[in-house]
file query_9.txt (compact mmCIF, C-alpha atoms)
# COMPACT_ATOMS: atom_id res chain seq x y z
CA MET U 22 16.06 5.75 -6.06
CA ASN U 23 18.30 7.36 -3.39
CA TRP U 24 15.12 8.64 -1.69
CA ASN U 25 15.66 11.43 0.84
CA TYR U 26 12.47 12.86 2.35
CA THR U 27 14.30 15.18 4.76
CA LYS U 28 15.96 17.22 1.98
CA HIS U 29 13.03 19.64 1.71
CA PHE U 30 11.25 18.58 4.92
CA PRO U 31 9.81 21.99 5.99
CA ILE U 32 8.31 23.13 2.68
CA ILE U 33 6.89 19.70 1.83
CA ASN U 34 5.41 19.09 5.27
CA VAL U 35 3.74 22.51 5.36
CA PHE U 36 2.21 21.94 1.93
CA LEU U 37 1.01 18.42 2.83
CA ALA U 38 -0.40 19.67 6.14
CA ILE U 39 -2.51 22.23 4.27
CA VAL U 40 -3.78 19.63 1.80
CA PHE U 41 -4.71 17.02 4.40
CA ALA U 42 -6.23 19.59 6.77
CA PHE U 43 -8.64 20.61 4.01
CA ILE U 44 -9.41 16.97 3.20
CA LEU U 45 -10.20 16.17 6.84
CA SER U 46 -12.37 19.27 7.12
CA THR U 47 -14.65 18.21 4.26
CA SER U 48 -17.92 16.38 4.75
CA ILE U 49 -17.68 12.58 4.84
CA VAL U 50 -20.78 12.34 2.65
CA TYR U 51 -20.57 13.21 -1.02
CA ALA U 52 -23.00 13.32 -3.85
CA GLN U 53 -23.36 10.71 -6.57
CA ASP U 54 -23.15 12.41 -9.94
CA ASP U 55 -23.50 11.62 -13.61
CA PRO U 56 -20.31 10.51 -15.39
CA SER U 57 -18.39 13.54 -16.56
CA PHE U 58 -15.19 14.76 -18.23
CA GLY U 59 -12.78 17.28 -16.75
CA ILE U 60 -9.99 19.37 -18.27
CA GLY U 61 -7.42 20.84 -15.89
CA VAL U 62 -4.30 23.01 -15.96
CA PHE U 63 -1.83 23.44 -13.11
CA GLY U 64 1.50 24.94 -12.11
CA GLY U 65 3.78 25.16 -9.09
CA PHE U 66 7.15 23.97 -7.76
CA ALA U 67 9.20 20.76 -7.96
CA ALA U 68 11.46 19.95 -4.99
CA SER U 69 13.97 17.10 -5.23
CA MET U 70 13.47 14.13 -2.91
CA THR U 71 16.96 12.67 -3.38
CA GLY U 72 20.24 13.06 -1.53
CA GLU U 73 22.23 13.64 -4.69
CA ALA U 74 21.34 14.76 -8.19
CA ILE U 75 23.71 12.44 -10.08
CA LYS U 76 24.39 8.86 -9.01
CA ASP U 77 27.74 8.38 -7.21
CA TYR U 78 28.40 12.15 -7.10
CA GLU U 79 27.57 13.02 -3.50
CA GLU U 80 28.30 16.75 -3.85
CA THR U 81 25.63 17.20 -6.52
CA GLU U 82 22.12 18.34 -5.65
CA TRP U 83 18.99 19.76 -7.25
CA GLU U 84 17.68 23.24 -6.61
CA THR U 85 13.91 23.62 -6.34
CA GLY U 86 12.45 24.17 -9.80
CA SER U 87 9.09 24.61 -11.48
CA ALA U 88 6.32 22.26 -12.63
CA LEU U 89 3.32 22.72 -14.92
CA GLY U 90 0.98 20.75 -17.12
CA GLY U 91 -2.54 19.72 -17.93
CA SER U 92 -4.85 16.72 -17.69
CA ILE U 93 -7.99 15.13 -19.09
CA THR U 94 -10.12 13.29 -16.51
CA TYR U 95 -13.08 10.93 -16.79
CA ARG U 96 -15.13 10.58 -13.60
CA MET U 97 -17.58 7.71 -13.16
CA ALA U 98 -20.81 8.15 -11.22
CA ASN U 99 -19.30 6.41 -8.15
CA GLY U 100 -16.34 8.82 -8.06
CA VAL U 101 -13.68 6.57 -9.63
CA ILE U 102 -11.57 8.59 -12.07
CA PHE U 103 -9.22 7.85 -14.96
CA GLU U 104 -6.80 10.62 -15.82
CA LEU U 105 -4.33 11.25 -18.64
CA LEU U 106 -1.75 13.74 -17.44
CA ALA U 107 0.92 15.56 -19.46
CA GLY U 108 3.36 17.61 -17.40
CA GLN U 109 6.76 19.21 -17.33
CA PHE U 110 9.21 19.88 -14.52
CA ASP U 111 12.69 21.37 -14.43
CA MET U 112 15.37 21.33 -11.73
CA LYS U 113 18.86 22.84 -11.78
CA ALA U 114 21.78 20.61 -10.77
CA VAL U 115 24.64 22.21 -8.82
CA GLU U 116 27.88 20.92 -7.32
CA ASN U 117 29.41 23.00 -4.53
CA SER U 118 27.34 25.97 -5.79
CA ASP U 119 28.64 25.54 -9.37
CA GLU U 120 25.87 25.22 -11.97
CA ILE U 121 26.10 21.89 -13.82
CA GLY U 122 22.91 22.22 -15.85
CA THR U 123 19.13 21.97 -15.86
CA LEU U 124 17.05 18.81 -16.25
CA ASN U 125 13.84 19.33 -18.24
CA ALA U 126 11.50 16.34 -18.02
CA LYS U 127 8.13 15.84 -19.73
CA PRO U 128 6.19 12.92 -18.23
CA ILE U 129 2.99 11.53 -19.75
CA LEU U 130 1.14 9.54 -17.08
CA PHE U 131 -2.00 7.43 -16.81
CA MET U 132 -3.61 7.77 -13.39
CA ILE U 133 -6.51 6.15 -11.56
CA GLY U 134 -8.11 7.40 -8.37
CA TYR U 135 -11.13 8.88 -6.67
CA GLN U 136 -12.78 12.31 -7.01
CA SER U 137 -15.47 13.41 -4.59
CA MET U 138 -18.17 15.96 -5.38
CA PRO U 139 -19.85 18.28 -2.83
CA ILE U 140 -23.52 17.50 -2.22
CA ASN U 141 -24.72 20.96 -3.17
CA GLN U 142 -22.27 21.04 -6.12
CA ARG U 143 -20.42 23.93 -4.47
CA GLY U 144 -17.75 23.90 -1.79
CA VAL U 145 -14.80 21.70 -0.84
CA ALA U 146 -14.11 18.18 -2.14
CA PHE U 147 -10.97 16.04 -2.53
CA HIS U 148 -9.21 13.66 -4.90
CA VAL U 149 -6.49 11.00 -4.73
CA THR U 150 -4.59 9.43 -7.66
CA ILE U 151 -1.89 6.86 -8.38
CA GLY U 152 -0.29 5.73 -11.63
CA GLY U 153 2.71 5.97 -13.90
CA GLY U 154 4.03 6.50 -17.39
CA ILE U 155 6.98 7.55 -19.50
CA ALA U 156 9.04 10.75 -19.34
CA SER U 157 11.20 12.17 -22.10
CA SER U 158 13.86 14.67 -21.04
CA ASP U 159 16.86 16.75 -21.95
CA PHE U 160 19.68 18.32 -19.97
CA ASP U 161 20.70 21.91 -20.71
CA LYS U 162 24.38 22.51 -20.00
CA GLY U 163 25.16 25.04 -17.26
CA ASP U 164 28.07 27.43 -16.85
CA ASP U 165 30.28 24.80 -15.19
CA ILE U 166 30.10 22.46 -18.21
CA LYS U 167 30.37 25.31 -20.73
CA ASP U 168 33.52 26.58 -19.00
CA LEU U 169 34.95 23.04 -19.09
CA GLU U 170 34.27 22.82 -22.83
CA LYS U 171 36.04 26.14 -23.45
CA SER U 172 39.08 25.28 -21.34
CA SER U 173 39.51 21.77 -22.75
CA GLY U 174 38.50 22.48 -26.34
CA VAL U 175 36.24 19.43 -26.22
CA SER U 176 32.48 19.74 -26.79
CA ILE U 177 29.97 17.53 -24.98
CA ASP U 178 26.74 16.14 -26.48
CA ILE U 179 24.20 15.06 -23.82
CA SER U 180 21.28 12.73 -24.55
CA ASN U 181 18.82 11.19 -22.09
CA ASP U 182 16.90 7.92 -22.31
CA ASP U 183 13.14 7.86 -21.82
CA ALA U 184 12.35 6.77 -18.26
CA PHE U 185 9.46 5.21 -16.37
CA MET U 186 7.91 7.51 -13.75
CA PHE U 187 5.65 6.48 -10.86
CA GLU U 188 3.35 9.08 -9.33
CA MET U 189 0.90 9.32 -6.46
CA GLY U 190 -0.86 12.36 -5.12
CA ALA U 191 -3.77 13.90 -3.27
CA GLY U 192 -5.43 17.25 -3.31
CA ILE U 193 -8.44 19.41 -2.61
CA ASP U 194 -10.97 20.96 -4.95
CA TYR U 195 -13.02 24.06 -4.26
CA PHE U 196 -16.06 24.03 -6.53
CA LEU U 197 -17.09 27.56 -7.41
CA THR U 198 -19.89 26.00 -9.47
CA ARG U 199 -20.69 22.46 -10.62
CA ASN U 200 -18.44 23.04 -13.63
CA ILE U 201 -15.50 25.08 -12.24
CA ALA U 202 -13.15 23.93 -9.48
CA LEU U 203 -9.94 25.39 -8.09
CA ILE U 204 -7.42 22.67 -7.21
CA LEU U 205 -4.51 22.29 -4.79
CA ASP U 206 -2.29 19.22 -5.30
CA GLY U 207 0.60 17.51 -3.58
CA ARG U 208 2.31 14.87 -5.76
CA PHE U 209 5.24 12.50 -5.34
CA ILE U 210 7.02 11.52 -8.58
CA SER U 211 9.64 8.76 -8.53
CA GLY U 212 12.09 7.80 -11.27
CA ASN U 213 15.69 7.73 -12.49
CA ILE U 214 16.88 9.01 -15.88
CA ASP U 215 19.88 7.48 -17.65
CA SER U 216 22.04 9.94 -19.59
CA LYS U 217 24.86 9.49 -22.10
CA TRP U 218 27.55 12.17 -22.46
CA GLU U 219 29.57 11.95 -25.69
CA PHE U 220 32.77 13.98 -26.04
CA SER U 221 34.07 15.32 -29.34
CA ASN U 222 37.42 13.57 -28.70
CA GLY U 223 35.66 10.19 -29.06
CA ASN U 224 35.15 9.38 -25.39
CA SER U 225 31.78 8.91 -23.70
CA GLU U 226 30.44 8.45 -20.19
CA ASP U 227 27.12 7.29 -18.74
CA PHE U 228 25.37 9.04 -15.84
CA THR U 229 22.13 8.55 -13.95
CA PHE U 230 19.99 11.46 -12.78
CA TYR U 231 17.99 10.85 -9.61
CA ALA U 232 14.84 12.69 -10.70
CA SER U 233 12.40 11.83 -7.87
CA ASN U 234 10.64 14.94 -6.61
CA PHE U 235 7.67 16.38 -4.73
CA GLN U 236 5.40 18.81 -6.55
CA GLY U 237 3.15 21.41 -4.96
CA LEU U 238 0.62 22.60 -7.52
CA VAL U 239 -2.35 24.94 -7.91
CA GLY U 240 -4.71 25.08 -10.85
CA VAL U 241 -8.23 24.99 -12.19
CA ARG U 242 -10.40 22.20 -13.61
CA LEU U 243 -13.48 22.52 -15.80
CA TRP U 244 -16.10 19.73 -15.60
CA PHE U 245 -18.53 18.98 -18.42

call {"tool": "encode", "arguments": {"input": "query_9.txt", "output": "structure tokens"}}
result
Amino acid sequence: MNWNYTKHFPIINVFLAIVFAFILSTSIVYAQDDPSFGIGVFGGFAASMTGEAIKDYEETEWETGSALGGSITYRMANGVIFELLAGQFDMKAVENSDEIGTLNAKPILFMIGYQSMPINQRGVAFHVTIGGGIASSDFDKGDDIKDLEKSSGVSIDISNDDAFMFEMGAGIDYFLTRNIALILDGRFISGNIDSKWEFSNGNSEDFTFYASNFQGLVGVRLWF
């Protein structure tokens, strides 16, 4: 996976510190509740957790991009949750400041975890999740590749394989009412994406994108 936690150490640690500080500040006693469904939407940033963007190309790296998505959650009375999550994240690959292109990935994940509820049905609670699924993706060519196509007279067709993605995360919920909660999430997503580059002169080359990233997200969830 070419995991590199120190790449975005300050921004990730600050975000995680905020999340866990809120979790530790919540009451250790939470209310039992009837089973319920939740629908959530979220958005934020995606910061690469790898030392290089493309396998065996040490000068390549990802710039921090964006992440967004939505989820459907079923919460049991004891707090155990099952969540179907559909998201999207994009990160721009550069090599020595030259823009290679942008990876756009769309993971669909099945998660399990725990969701607390405040006793008075208002206030701060927390959730933790873990799971995985499949991500489809595409790679939009940047100026560096477009310039190469113009100078060589050879066009490049880029296609990515679907890839397995593992995810784990934790976050806090501020319940404005029993049915409306603001959410703050920190998520780690791990996975590699294989890519095939086919040239109009008949040649082809295989690459691997190191797509593991940390996502800091804010959003809202409605409970029914």

call {"tool": "axis_aligned_box", "arguments": {"input": "query_9.txt", "around": "stretch 178-187 of chain U", "padding_each_side": "4 Å", "output": "AutoDock Vina command-line options"}}
result
--center_x 16.2 --center_y 10.7 --center_z -18.7 --size_x 29.1 --size_y 18.9 --size_z 23.6

call {"tool": "residues_around", "arguments": {"input": "query_9.txt", "residues": "U:Ile121", "least_positions_apart": "2", "cutoff": "6 Å", "atoms": "all atoms listed in the file", "output": "mmCIF file with C-alpha atoms, in the coordinates of the input"}}
result
data_model
loop_
_atom_site.group_PDB
_atom_site.id
_atom_site.type_symbol
_atom_site.label_atom_id
_atom_site.label_comp_id
_atom_site.auth_asym_id
_atom_site.auth_seq_id
_atom_site.Cartn_x
_atom_site.Cartn_y
_atom_site.Cartn_z
ATOM 1 C CA ALA U 114 21.780 20.610 -10.770
ATOM 2 C CA VAL U 115 24.640 22.210 -8.820
ATOM 3 C CA GLY U 163 25.160 25.040 -17.260
ATOM 4 C CA ASP U 165 30.280 24.800 -15.190
ATOM 5 C CA ILE U 166 30.100 22.460 -18.210
#

call {"tool": "residues_around", "arguments": {"input": "query_9.txt", "residues": "U:Met186", "least_positions_apart": "6", "cutoff": "8 Å", "atoms": "all atoms listed in the file", "output": "list in words"}}
result
Pro128, Leu130, Gly153, Gly154, Ile155, Ala156, Ile210, Ser211, Gly212 and Asn213 of chain U

call {"tool": "write_last_selection", "arguments": {"input": "query_9.txt", "atoms": "C-alpha atoms", "output": "PDB file, keeping the file's coordinate frame"}}
result
ATOM      1  CA  PRO U 128       6.190  12.920 -18.230  1.00  0.00           C
ATOM      2  CA  LEU U 130       1.140   9.540 -17.080  1.00  0.00           C
ATOM      3  CA  GLY U 153       2.710   5.970 -13.900  1.00  0.00           C
ATOM      4  CA  GLY U 154       4.030   6.500 -17.390  1.00  0.00           C
ATOM      5  CA  ILE U 155       6.980   7.550 -19.500  1.00  0.00           C
ATOM      6  CA  ALA U 156       9.040  10.750 -19.340  1.00  0.00           C
ATOM      7  CA  ILE U 210       7.020  11.520  -8.580  1.00  0.00           C
ATOM      8  CA  SER U 211       9.640   8.760  -8.530  1.00  0.00           C
ATOM      9  CA  GLY U 212      12.090   7.800 -11.270  1.00  0.00           C
ATOM     10  CA  ASN U 213      15.690   7.730 -12.490  1.00  0.00           C
TER      11      ASN U 213
END

call {"tool": "closest_residue", "arguments": {"input": "query_9.txt", "among": "U:Ser173, U:Ser92, U:Ser180, U:Asn200", "to": "U:Trp244", "atoms": "all atoms listed in the file"}}
result
U:Asn200

call {"tool": "residues_around", "arguments": {"input": "query_9.txt", "residues": "U:Thr229", "least_positions_apart": "5", "cutoff": "7 Å", "atoms": "only C-alpha atoms", "output": "list in words"}}
result
Ile75, Lys76, Asn213, Ile214, Asp215 and Ser216 of chain U

call {"tool": "atom_distance", "arguments": {"input": "query_9.txt", "atom1": "atom CA of U:Arg242", "atom2": "atom CA of U:Ala202"}}
result
5.3 Å

call {"tool": "residues_around", "arguments": {"input": "query_9.txt", "residues": "U:Arg199", "least_positions_apart": "5", "cutoff": "10 Å", "atoms": "all atoms listed in the file", "output": "tab-separated table (two decimals) with C-alpha atoms, in the coordinates of the input"}}
result
chain	number	residue	atom	x	y	z
U	138	MET	CA	-18.17	15.96	-5.38
U	139	PRO	CA	-19.85	18.28	-2.83
U	141	ASN	CA	-24.72	20.96	-3.17
U	142	GLN	CA	-22.27	21.04	-6.12
U	143	ARG	CA	-20.42	23.93	-4.47
U	144	GLY	CA	-17.75	23.90	-1.79
U	243	LEU	CA	-13.48	22.52	-15.80
U	244	TRP	CA	-16.10	19.73	-15.60
U	245	PHE	CA	-18.53	18.98	-18.42

call {"tool": "closest_residue", "arguments": {"input": "query_9.txt", "among": "U:Gly152, U:Gly65, U:Gly90, U:Gly122", "to": "U:Glu104", "atoms": "only C-alpha atoms"}}
result
U:Gly152
